[in-house]
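Structure, as C-alpha cells:
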Amino acid sequence: MDREAELKCLMLRGLDGDPVAWRMLLNQLRGALTPYFRRRLSGLEADAEDLVQDCLIAIHAKRATYDRSMAFTAWAYAIARYKLIDHFRRQGRRVHVPMEDAAVLTAEHSVEDGVVRRDLAKVLSILPMRQRRLIEDVRIGGFSLAEAAARNGWTEGAAKVSVHRSMKALSASVSSHED
C-alpha cells in the first residue's frame, strides 16, 4: 500500500471512531513533519518541535473539515505549510515555502491530483482573470490580503471586497452544480 493510501485509510478509520488508527496516524505524521520542519528551521529544533505539535493539534481540531474524497496528504501538508508561514510571520520573516517541497508527506502524483487541478481550474474559470489571480494568491498561494492586493494592483479594501464576493460566487457556483 502506498503512503497516501495508508495515511488516508488511517484518517478515515480515525474519523469513524477508531482511536488506535487515529493514534497511528498522528505518530506517522509526527515522523514526516519533524524532518519537514527541521529542514526549514535549521538550528531551531525547539521551534520545529513546537510546529510539529501545533500542526498535529490543528489536524486533530480540524479533522471534521477533511473531505473524504480528497487526498489526505495534500490536506495535511496544507496545514503544515500554513503553520510554517504563520511561524515566519510571527518572527517577522517572509519565506516562500513551495508546494513542491511537500515530498515528505505526499505520495507520488496520481490521477486524482490531475483531477483536483482540473476541477479547481474549472471552478475558478467563472471568475474574471483579475479576481481569479487575487483568489489564487490569497486562498491557494498563502499570501496575506495586503500582499496579494499589492501584487495584483488592488487597494487592500477593494481586494477584501473582491475576495469576499468571489468566494460567494464560487460557493454559489459549486452549490448549484451539486443539485
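Letters for chains follow the order of the C-alpha cells (A, B, ...), residue numbers begin at 1 for each chain, and ligand numbers begin at 1 in the order shown.
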Contacts of Arg151 (chain A) within 12 Å, only C-alpha atoms, excl. fewer than 5 positions in-chain, as a PyMOL selection string
chain A and resi 130+133-138+141+143-146+156+159
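Taking only C-alpha atoms, the non-local environment of region 49-53 of chain A within 9 Å (same-chain residues fewer than 5 positions away omitted) comprises A:Leu29, A:Arg30, A:Leu33, A:Thr34, A:Phe37, A:Arg38, A:Leu44, A:Ala58, A:Ala80, A:Lys83, A:Leu84, A:His87.
Distance check against Ile79 (chain A) using only C-alpha atoms: of A:Asp47, A:Asp119, A:Asp18, A:Asp54, the minimum falls on A:Asp54.
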task: Just the residues within 12 Å of Gln28 (chain A), please, counting only C-alpha atoms, with nothing from its chain fewer than 3 positions along; format it as a PyMOL selection string.
output: chain A and resi 3-4+6-8+10-11+21-25+31-34+52+56+73+76+104-105
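In this comparison, which uses only C-alpha atoms, the residue of A:Ala64, A:Leu41, A:Ala150, A:Leu170 approaching Arg132 (chain A) most closely is A:Leu170.
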Practice task
Just list the residues in chain A DSSP gives alpha helix (DSSP H) on the backbone, as a PyMOL selection string.
Solution key: chain A and resi 3-15+19-40+45-61+72-91+111-124+129-135+145-152+156-178
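Going from CA of Asp86 (chain A) over to CA of Cys55 (chain A), you cover 11.2 Å.
From CA of Arg118 (chain A) back to CA of Phe72 (chain A), the distance works out to 17.9 Å.
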If we count only C-alpha atoms and set the cut-off at 10 Å, which residues sit around Gly142 (chain A), ignoring sequence neighbours fewer than 5 positions away in its own chain? Please answer as a PDB file with C-alpha atoms, in the first residue's frame.
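Writing done, so here's result27.pdb:
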```pdb
ATOM      1  CA  ALA A  78      -1.541  22.490   3.597  1.00  0.00           C
ATOM      2  CA  ARG A  81       2.595  24.840   5.317  1.00  0.00           C
ATOM      3  CA  TYR A  82       0.267  27.420   6.869  1.00  0.00           C
ATOM      4  CA  ILE A  85       4.024  30.560   7.272  1.00  0.00           C
ATOM      5  CA  ASP A  86       2.327  31.710  10.492  1.00  0.00           C
ATOM      6  CA  HIS A  96       8.407  31.242   0.413  1.00  0.00           C
ATOM      7  CA  VAL A  97       7.619  27.575   1.008  1.00  0.00           C
ATOM      8  CA  GLU A 136      -5.265  32.163  -6.217  1.00  0.00           C
ATOM      9  CA  ASP A 137      -2.806  34.357  -4.309  1.00  0.00           C
ATOM     10  CA  GLU A 147       0.468  41.199  -0.221  1.00  0.00           C
ATOM     11  CA  ALA A 148      -1.986  39.845  -2.800  1.00  0.00           C
TER      12      ALA A 148
END
```
